[in-house]
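Chemist: Take a look at the following structure, please.
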Amino acid sequence: MTLEDEARRLDETDPLPTLRGEFLVPPAPGGPHAEAAYFAGNSLGLQPRSAAVLLREELDDWARLAVEAHTQGRRPWVAYHELLREPAARLVGALPHEVVAMNSLTVNLHLMMASFYRPAGTRTRIVIEDAAFPSDSYAVASQAVHHGLDPSATVVRLRPRDGEDALRTEDVLAFLGREGGTVALVLLGGVNYLTGQLMDMEAITKAGRAAGAVVGWDLAHAAGNVPLRLHDWDVDFAAWCTYKYLNGGPGAVAGCFVHERHVRDAAVPKLAGWWGTDPAVRFRMDPDIAPPASADAWQLSNPPIMALAPVLASLEIFDRVGMDALRAKSGRLTGYLADRLAGIGAEVVTPSDPAERGAQLSVRVVDAGGLVRRLAEAHGVVADAREPDVVRLAPVPLYCTFHDCHRAAAALADLL
């Protein structure tokens, strides 16, 4: 049996058959195959076929009802974001009143920090990972400046040990145990965008809160990728985008979590807007806000319906399949691809322990950008580069197959 035959056999016998048919897979940009082997879902997920159906319905309601669609549409717009509440809560392990779909990821992080980053006395520092996504670095530095602090002294960037690519959980816990009294906020990525490392969110949250710090998580690469238990882990807040593993479309409306101990505390300061007032009194147009005891209190403006419709379509798929089944399939795909990459001698910087990674393998190469172009043009394998030397491969379990993984490994073997 050839390696390709083995990959096809694995696809035919896998406990979770591929849902590839529910997505629009782009044509291969080159090579012998008609469809791309798409490994860039950690950058932009594929379009669910049902997204166009829901979007068309909203456009039809707009044409047919105009302003009356706010209350008379098949999914009334005035409460549209509430349709996403329960599936989003199930996705991230939250109570329904702890989540809200709104804004974009970094906007939500700023709204959360406006409420929960409250530097005082010697407790001023913000802890992030050194390989944080640049937007997070910019956001926390600007928050320090906003509070009259020096970012170079305020922002702590935790680095892996010399010669290693991933942070060790014990090193994060040791830092918090040693210097936690100076930390106001811990804000790490649940899954690191560069290495694909899955952080031990439960242990780090517990240590950060024990040290007296607020603990928030950027879940851009974790939501829809790995099972989450935000409420049970006692996370203070979290935010995520929906256009990567959640397939909500480019720049799709993001999500936010605020633990119920905060949503029920009226004393928590927050920036306010019209949609953050209680819907029961919203249209009285009162000058004073009456925030509900839910994450909705952090909303600012009425939600963009056309941007929410594709997210709703995708969440319906996740609800139907379940994160546990997807995580198990992800482990099988990523493990198979890791074995194939080891067989060709590729240098994988993602942790080798399946429990410490999501649906991503990062490979260190020479000329990452050039290699990604050649993967696409010669083999129809779509990946992405993080310059100067990392190619990221994301075998997303909703639409990637073992045969896709075979194609990626064979292409790398040819090009490396």
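Chains: A, B, ... in order of the structure tokens. Residues: from 1 per chain. Ligands: from 1, in order shown.
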Tell me, as a PyMOL selection string, which residues lie within 8 Å of range 312-320 of chain A, counting only C-alpha atoms; anything in the same chain fewer than 2 positions away does not count.
Modeler: chain A and resi 48+50-51+54+83-84+87-88+90-91+224+246-248+308-310+322-323
Chemist: So that I have them on file, write out the residues from the current selection with C-alpha atoms, as a PDB file, in the first residue's frame.
Modeler:
```pdb
ATOM      1  CA  PRO A  48     -19.688  27.269   4.916  1.00  0.00           C
ATOM      2  CA  SER A  50     -24.975  27.610   4.495  1.00  0.00           C
ATOM      3  CA  ALA A  51     -23.514  31.099   5.005  1.00  0.00           C
ATOM      4  CA  LEU A  54     -28.511  32.891   5.718  1.00  0.00           C
ATOM      5  CA  LEU A  83     -29.135  33.909  18.339  1.00  0.00           C
ATOM      6  CA  LEU A  84     -25.383  33.437  18.712  1.00  0.00           C
ATOM      7  CA  PRO A  87     -23.977  28.220  20.644  1.00  0.00           C
ATOM      8  CA  ALA A  88     -21.069  30.552  21.415  1.00  0.00           C
ATOM      9  CA  ARG A  90     -21.286  26.030  24.404  1.00  0.00           C
ATOM     10  CA  LEU A  91     -18.254  26.530  22.183  1.00  0.00           C
ATOM     11  CA  GLY A 224     -13.201  26.471  17.490  1.00  0.00           C
ATOM     12  CA  LEU A 246     -14.823  29.545  13.259  1.00  0.00           C
ATOM     13  CA  ASN A 247     -15.198  30.245   9.517  1.00  0.00           C
ATOM     14  CA  GLY A 248     -17.198  33.456   9.939  1.00  0.00           C
ATOM     15  CA  LEU A 308     -23.298  38.068  11.957  1.00  0.00           C
ATOM     16  CA  ALA A 309     -25.182  35.794   9.546  1.00  0.00           C
ATOM     17  CA  PRO A 310     -22.112  33.778   8.380  1.00  0.00           C
ATOM     18  CA  GLY A 322     -19.401  19.170  18.936  1.00  0.00           C
ATOM     19  CA  MET A 323     -15.950  20.313  19.989  1.00  0.00           C
TER      20      MET A 323
END
```
Chemist: Give one line per residue of range 4-63 of chain A that approaches range 328-332 of chain A to at most 10 Å, naming the two atoms of the closest pair and their distance in Å to one decimal, counting only C-alpha atoms; sort by chain then ascending residue number and deliver it as a tab-separated table.
Modeler:
```
residue	atom	partner	partner_atom	distance
A:Leu10	CA	A:Arg332	CA	9.7
A:Asp14	CA	A:Lys329	CA	8.2
A:Pro15	CA	A:Lys329	CA	8.1
A:Leu16	CA	A:Lys329	CA	6.7
A:Pro17	CA	A:Lys329	CA	9.2
A:Thr18	CA	A:Lys329	CA	9.3
```
Chemist: CA of Val263 in chain A to CA of Pro287 in chain A: how many Å, to one decimal?
Modeler: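 Interatomic distance here is 21.6 Å.
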Chemist: Taking only C-alpha atoms into account, which of A:Asp171, A:Gln47, A:Arg284, A:Gly148 comes nearest Glu22 in chain A?
Modeler: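 That would be A:Gln47, the residue with the smallest distance to Glu22 in chain A.
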Chemist: Could you name the residues that touch Val172 in chain A at 10 Å or less, counting only C-alpha atoms, but leaving out those on the same chain fewer than 2 positions away, as a list in words?
Modeler: Val127, Glu129, Leu158, Arg159, Pro160, Leu167, Arg168, Thr169, Glu170, Ala174, Phe175, Leu176, Gly177, Arg178, Asp200, Ala203, Ile204, Ala207 and Gly208 of chain A
Chemist: What would the file look like if the residues just selected were written as a compact mmCIF listing (two decimals), in the first residue's frame with C-alpha atoms?
Modeler:
```txt
# COMPACT_ATOMS: atom_id res chain seq x y z
CA VAL A 127 2.17 39.83 31.33
CA GLU A 129 4.11 35.99 25.82
CA LEU A 158 7.66 35.89 28.94
CA ARG A 159 10.24 34.09 26.79
CA PRO A 160 10.94 30.38 26.28
CA LEU A 167 6.89 28.51 26.95
CA ARG A 168 6.93 25.94 29.73
CA THR A 169 3.89 26.07 31.96
CA GLU A 170 6.08 25.62 35.03
CA ALA A 174 7.03 30.18 38.72
CA PHE A 175 7.06 33.76 37.48
CA LEU A 176 3.57 34.39 38.85
CA GLY A 177 4.51 32.83 42.16
CA ARG A 178 7.64 34.94 42.36
CA ASP A 200 -2.45 25.23 30.10
CA ALA A 203 -3.33 26.15 35.59
CA ILE A 204 -2.19 29.61 34.51
CA ALA A 207 -1.95 30.84 39.44
CA GLY A 208 -2.65 34.33 38.14
```
Chemist: Counting only C-alpha atoms, figure out which residue out of A:Val253, A:Val390, A:Ile128, A:Leu375 gets nearest to Pro29 in chain A.
Modeler: A:Leu375
Chemist: Using only C-alpha atoms, which of the listed residues (A:Ala238, A:Ala408, A:Pro279, A:Glu377) sits closest to Ala28 in chain A?
Modeler: A:Glu377
Chemist: Which residues come within 6 Å of range 183-194 of chain A, counting only C-alpha atoms, excluding same-chain residues fewer than 5 positions away, as a ChimeraX atom specification?
Modeler: /A:119,123-128,199,213-219,221-222
Chemist: Give the answer as one residue: which of A:Tyr117, A:Trp274, A:Trp298, A:Phe39 has the shortest atom-to-atom distance to Glu98 in chain A, using only C-alpha atoms?
Modeler: A:Trp298
Chemist: From range 41-203 of chain A, collect each residue whose DSSP state is strand (DSSP E or B) and return the set as an mmCIF file with N, CA and C atoms, in the first residue's frame.
Modeler:
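What follows is the written file result30.cif:
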```cif
data_model
loop_
_atom_site.group_PDB
_atom_site.id
_atom_site.type_symbol
_atom_site.label_atom_id
_atom_site.label_comp_id
_atom_site.auth_asym_id
_atom_site.auth_seq_id
_atom_site.Cartn_x
_atom_site.Cartn_y
_atom_site.Cartn_z
ATOM 1 N N GLN A 47 -15.452 29.039 3.637
ATOM 2 C CA GLN A 47 -16.842 29.496 3.701
ATOM 3 C C GLN A 47 -17.803 28.313 3.818
ATOM 4 N N PRO A 48 -18.629 28.282 4.876
ATOM 5 C CA PRO A 48 -19.688 27.269 4.916
ATOM 6 C C PRO A 48 -20.700 27.535 3.800
ATOM 7 N N VAL A 99 -21.406 35.532 27.546
ATOM 8 C CA VAL A 99 -20.810 35.727 26.219
ATOM 9 C C VAL A 99 -21.646 36.696 25.393
ATOM 10 N N VAL A 100 -20.964 37.353 24.463
ATOM 11 C CA VAL A 100 -21.633 38.249 23.535
ATOM 12 C C VAL A 100 -20.816 38.308 22.248
ATOM 13 N N ALA A 101 -21.496 38.382 21.115
ATOM 14 C CA ALA A 101 -20.846 38.566 19.824
ATOM 15 C C ALA A 101 -20.856 40.055 19.500
ATOM 16 N N ALA A 120 -2.514 49.971 40.085
ATOM 17 C CA ALA A 120 -2.524 50.750 41.328
ATOM 18 C C ALA A 120 -1.304 50.382 42.151
ATOM 19 N N ARG A 123 1.255 47.313 41.781
ATOM 20 C CA ARG A 123 0.627 46.294 40.928
ATOM 21 C C ARG A 123 0.197 46.959 39.617
ATOM 22 N N ARG A 125 1.881 45.763 36.298
ATOM 23 C CA ARG A 125 2.442 45.093 35.134
ATOM 24 C C ARG A 125 1.411 44.248 34.377
ATOM 25 N N ILE A 126 1.652 44.133 33.069
ATOM 26 C CA ILE A 126 0.845 43.298 32.186
ATOM 27 C C ILE A 126 1.759 42.210 31.635
ATOM 28 N N VAL A 127 1.352 40.957 31.770
ATOM 29 C CA VAL A 127 2.167 39.829 31.333
ATOM 30 C C VAL A 127 1.594 39.271 30.026
ATOM 31 N N ILE A 128 2.438 39.218 28.993
ATOM 32 C CA ILE A 128 2.080 38.571 27.737
ATOM 33 C C ILE A 128 3.215 37.626 27.364
ATOM 34 N N GLU A 129 3.019 36.837 26.311
ATOM 35 C CA GLU A 129 4.112 35.991 25.823
ATOM 36 C C GLU A 129 4.939 36.794 24.829
ATOM 37 N N VAL A 155 5.050 46.274 30.542
ATOM 38 C CA VAL A 155 4.719 45.046 29.814
ATOM 39 C C VAL A 155 5.843 44.030 29.994
ATOM 40 N N VAL A 156 5.503 42.881 30.542
ATOM 41 C CA VAL A 156 6.457 41.788 30.749
ATOM 42 C C VAL A 156 6.230 40.746 29.658
ATOM 43 N N ARG A 157 7.286 40.437 28.910
ATOM 44 C CA ARG A 157 7.185 39.480 27.805
ATOM 45 C C ARG A 157 7.887 38.180 28.226
ATOM 46 N N LEU A 158 7.094 37.157 28.508
ATOM 47 C CA LEU A 158 7.660 35.889 28.938
ATOM 48 C C LEU A 158 8.263 35.160 27.745
ATOM 49 N N VAL A 183 1.846 42.164 39.327
ATOM 50 C CA VAL A 183 1.111 41.944 38.078
ATOM 51 C C VAL A 183 -0.350 42.349 38.254
ATOM 52 N N ALA A 184 -0.812 43.249 37.398
ATOM 53 C CA ALA A 184 -2.219 43.626 37.391
ATOM 54 C C ALA A 184 -3.023 42.773 36.425
ATOM 55 N N LEU A 185 -2.386 42.350 35.314
ATOM 56 C CA LEU A 185 -3.114 41.624 34.282
ATOM 57 C C LEU A 185 -2.220 40.591 33.623
ATOM 58 N N VAL A 186 -2.740 39.383 33.494
ATOM 59 C CA VAL A 186 -2.126 38.342 32.676
ATOM 60 C C VAL A 186 -2.987 38.216 31.416
ATOM 61 N N LEU A 187 -2.368 38.399 30.249
ATOM 62 C CA LEU A 187 -3.107 38.330 28.995
ATOM 63 C C LEU A 187 -2.283 37.545 27.973
ATOM 64 N N LEU A 188 -2.533 36.245 27.915
ATOM 65 C CA LEU A 188 -1.788 35.356 27.027
ATOM 66 C C LEU A 188 -2.697 34.817 25.930
ATOM 67 N N GLY A 189 -2.087 34.290 24.880
ATOM 68 C CA GLY A 189 -2.845 33.620 23.837
ATOM 69 C C GLY A 189 -3.115 32.178 24.230
ATOM 70 N N VAL A 191 -3.856 29.612 22.329
ATOM 71 C CA VAL A 191 -3.009 28.868 21.404
ATOM 72 C C VAL A 191 -2.151 29.901 20.692
ATOM 73 N N GLN A 197 1.374 26.359 20.022
ATOM 74 C CA GLN A 197 1.363 25.805 21.377
ATOM 75 C C GLN A 197 0.035 26.094 22.071
ATOM 76 N N LEU A 198 -0.559 25.063 22.657
ATOM 77 C CA LEU A 198 -1.749 25.192 23.488
ATOM 78 C C LEU A 198 -1.310 25.395 24.930
#
```
Chemist: Select, from A:Arg85, A:Arg49, A:Arg118, A:Arg209, the residue with the minimum atom-to-atom distance to Met102 in chain A, counting only C-alpha atoms.
Modeler: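 Between A:Arg85, A:Arg49, A:Arg118, A:Arg209, the residue approaching Met102 in chain A most closely is A:Arg85.
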Chemist: Using the chain letters and numbers from this document, which residues of range 288-413 of chain A does DSSP assign to alpha helix (DSSP H), as a count of residues only?
Modeler: 62
Chemist: Pick out the residues sitting within 12 Å of Arg282 in chain A, and hand them over as a compact mmCIF listing (two decimals) with all heavy atoms, in the first residue's frame; count only C-alpha atoms, and ignore anything fewer than 2 positions along from it in its own chain.
Modeler:
```
# COMPACT_ATOMS: atom_id res chain seq x y z
N VAL A 78 -33.32 43.25 15.77
CA VAL A 78 -33.12 43.93 17.05
C VAL A 78 -32.55 42.98 18.10
O VAL A 78 -31.87 43.40 19.04
CB VAL A 78 -34.45 44.56 17.54
CG1 VAL A 78 -35.43 43.50 18.01
CG2 VAL A 78 -34.18 45.61 18.62
N ALA A 79 -32.77 41.69 17.94
CA ALA A 79 -32.24 40.71 18.89
C ALA A 79 -31.35 39.68 18.20
O ALA A 79 -31.12 38.60 18.74
CB ALA A 79 -33.40 40.01 19.60
N GLY A 273 -22.28 52.23 25.53
CA GLY A 273 -22.95 52.64 24.31
C GLY A 273 -24.39 52.17 24.32
O GLY A 273 -24.80 51.42 25.22
N TRP A 274 -25.15 52.54 23.30
CA TRP A 274 -26.60 52.32 23.28
C TRP A 274 -26.97 50.87 23.45
O TRP A 274 -27.90 50.52 24.19
CB TRP A 274 -27.14 52.85 21.95
CG TRP A 274 -28.63 52.83 21.85
CD1 TRP A 274 -29.54 53.01 22.86
CD2 TRP A 274 -29.40 52.64 20.66
NE1 TRP A 274 -30.82 52.94 22.37
CE2 TRP A 274 -30.78 52.73 21.02
CE3 TRP A 274 -29.09 52.43 19.32
CZ2 TRP A 274 -31.80 52.58 20.10
CZ3 TRP A 274 -30.11 52.30 18.41
CH2 TRP A 274 -31.46 52.38 18.79
N TRP A 275 -26.26 49.96 22.79
CA TRP A 275 -26.65 48.55 22.84
C TRP A 275 -26.24 47.89 24.15
O TRP A 275 -26.52 46.73 24.38
CB TRP A 275 -26.10 47.79 21.64
CG TRP A 275 -27.15 46.99 20.94
CD1 TRP A 275 -27.24 45.63 20.90
CD2 TRP A 275 -28.27 47.47 20.18
NE1 TRP A 275 -28.34 45.24 20.16
CE2 TRP A 275 -28.98 46.35 19.70
CE3 TRP A 275 -28.73 48.75 19.85
CZ2 TRP A 275 -30.14 46.48 18.92
CZ3 TRP A 275 -29.86 48.87 19.07
CH2 TRP A 275 -30.55 47.74 18.62
N GLY A 276 -25.57 48.63 25.02
CA GLY A 276 -25.20 48.09 26.32
C GLY A 276 -26.23 48.35 27.39
O GLY A 276 -26.02 47.99 28.55
N THR A 277 -27.34 48.94 27.03
CA THR A 277 -28.40 49.15 28.01
C THR A 277 -29.43 48.03 27.91
O THR A 277 -29.50 47.31 26.89
CB THR A 277 -29.07 50.52 27.81
OG1 THR A 277 -29.74 50.90 29.01
CG2 THR A 277 -30.06 50.52 26.66
N ASP A 278 -30.22 47.86 28.93
CA ASP A 278 -31.22 46.80 28.99
C ASP A 278 -32.18 46.93 27.81
O ASP A 278 -32.78 47.99 27.62
CB ASP A 278 -31.98 46.89 30.31
CG ASP A 278 -32.84 45.67 30.57
OD1 ASP A 278 -33.38 45.10 29.60
OD2 ASP A 278 -32.98 45.30 31.75
N PRO A 279 -32.36 45.87 27.01
CA PRO A 279 -33.25 45.99 25.85
C PRO A 279 -34.69 46.32 26.23
O PRO A 279 -35.43 46.87 25.41
CB PRO A 279 -33.15 44.62 25.18
CG PRO A 279 -32.59 43.70 26.21
CD PRO A 279 -31.71 44.55 27.07
N ALA A 280 -35.08 46.04 27.46
CA ALA A 280 -36.45 46.34 27.88
C ALA A 280 -36.70 47.84 27.94
O ALA A 280 -37.86 48.28 27.83
CB ALA A 280 -36.72 45.71 29.25
N ARG A 284 -36.66 53.63 25.15
CA ARG A 284 -37.18 54.81 25.85
C ARG A 284 -36.26 56.00 25.64
O ARG A 284 -36.62 57.13 25.95
CB ARG A 284 -37.29 54.51 27.35
CG ARG A 284 -38.40 53.55 27.70
CD ARG A 284 -38.78 53.58 29.16
NE ARG A 284 -37.68 53.84 30.08
CZ ARG A 284 -37.60 53.33 31.31
NH1 ARG A 284 -38.56 52.52 31.74
NH2 ARG A 284 -36.58 53.62 32.09
N MET A 285 -35.05 55.73 25.15
CA MET A 285 -34.08 56.77 24.85
C MET A 285 -33.69 57.58 26.09
O MET A 285 -33.48 58.79 26.03
CB MET A 285 -34.60 57.72 23.76
CG MET A 285 -35.00 57.01 22.49
SD MET A 285 -33.63 56.12 21.72
CE MET A 285 -34.34 55.63 20.17
N ASP A 286 -33.60 56.90 27.24
CA ASP A 286 -33.20 57.58 28.47
C ASP A 286 -31.75 58.04 28.38
O ASP A 286 -30.92 57.38 27.75
CB ASP A 286 -33.35 56.63 29.66
CG ASP A 286 -34.80 56.27 29.95
OD1 ASP A 286 -35.68 57.03 29.52
OD2 ASP A 286 -35.03 55.23 30.59
N PRO A 287 -31.42 59.15 29.03
CA PRO A 287 -30.03 59.61 29.02
C PRO A 287 -29.09 58.78 29.89
O PRO A 287 -27.88 58.81 29.71
CB PRO A 287 -30.13 61.05 29.54
CG PRO A 287 -31.36 61.05 30.39
CD PRO A 287 -32.31 60.10 29.73
N ASP A 288 -29.65 58.05 30.86
CA ASP A 288 -28.84 57.24 31.77
C ASP A 288 -28.96 55.77 31.41
O ASP A 288 -30.06 55.25 31.19
CB ASP A 288 -29.28 57.45 33.22
CG ASP A 288 -29.10 58.89 33.67
OD1 ASP A 288 -28.05 59.49 33.31
OD2 ASP A 288 -29.99 59.42 34.35
N ILE A 289 -27.82 55.09 31.38
CA ILE A 289 -27.78 53.69 30.97
C ILE A 289 -28.29 52.78 32.08
O ILE A 289 -28.12 53.07 33.28
CB ILE A 289 -26.35 53.29 30.55
CG1 ILE A 289 -26.36 51.96 29.79
CG2 ILE A 289 -25.41 53.25 31.75
CD1 ILE A 289 -25.05 51.66 29.09
N ALA A 290 -28.92 51.68 31.67
CA ALA A 290 -29.39 50.66 32.61
C ALA A 290 -28.83 49.32 32.13
O ALA A 290 -29.53 48.55 31.47
CB ALA A 290 -30.91 50.63 32.67
N PRO A 291 -27.57 49.03 32.43
CA PRO A 291 -26.93 47.83 31.86
C PRO A 291 -27.54 46.54 32.42
O PRO A 291 -27.85 46.45 33.61
CB PRO A 291 -25.47 47.97 32.28
CG PRO A 291 -25.50 48.85 33.48
CD PRO A 291 -26.65 49.79 33.29
N PRO A 292 -27.70 45.53 31.56
CA PRO A 292 -28.18 44.23 32.05
C PRO A 292 -27.06 43.50 32.77
O PRO A 292 -25.87 43.81 32.61
CB PRO A 292 -28.57 43.51 30.76
CG PRO A 292 -27.63 44.07 29.73
CD PRO A 292 -27.44 45.52 30.11
N ALA A 297 -23.76 44.00 28.50
CA ALA A 297 -23.52 45.34 29.02
C ALA A 297 -22.28 45.98 28.42
O ALA A 297 -22.11 47.21 28.51
CB ALA A 297 -23.39 45.29 30.55
N SER A 301 -22.67 49.36 20.08
CA SER A 301 -23.58 49.74 19.01
C SER A 301 -24.38 48.53 18.53
O SER A 301 -24.01 47.39 18.80
CB SER A 301 -22.81 50.33 17.83
OG SER A 301 -22.06 51.47 18.24
N ASN A 302 -25.46 48.83 17.79
CA ASN A 302 -26.26 47.72 17.27
C ASN A 302 -25.41 46.86 16.34
O ASN A 302 -24.58 47.36 15.59
CB ASN A 302 -27.51 48.23 16.56
CG ASN A 302 -27.23 49.31 15.55
OD1 ASN A 302 -26.48 50.23 15.81
ND2 ASN A 302 -27.86 49.22 14.40
```
Chemist: Report as an MDAnalysis selection string all protein, DNA and RNA residues lying within 7 Å of range 359-368 of chain A, evaluated on only C-alpha atoms, omitting residues in the same chain fewer than 5 positions from it.
Modeler: chainID A and resid 195:196 225 330 334 346:350 385:396
Chemist: Which residue out of A:Val268, A:Leu416, A:Gly180, A:Met306 has the minimum interatomic distance to Gly345 in chain A when only C-alpha atoms are used?
Modeler: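 For Gly345 in chain A, the nearest of the candidates is A:Leu416.
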Chemist: Work out how far CA of Arg229 in chain A is from CA of Pro303 in chain A, in Å to one decimal.
Modeler: 26.0 Å
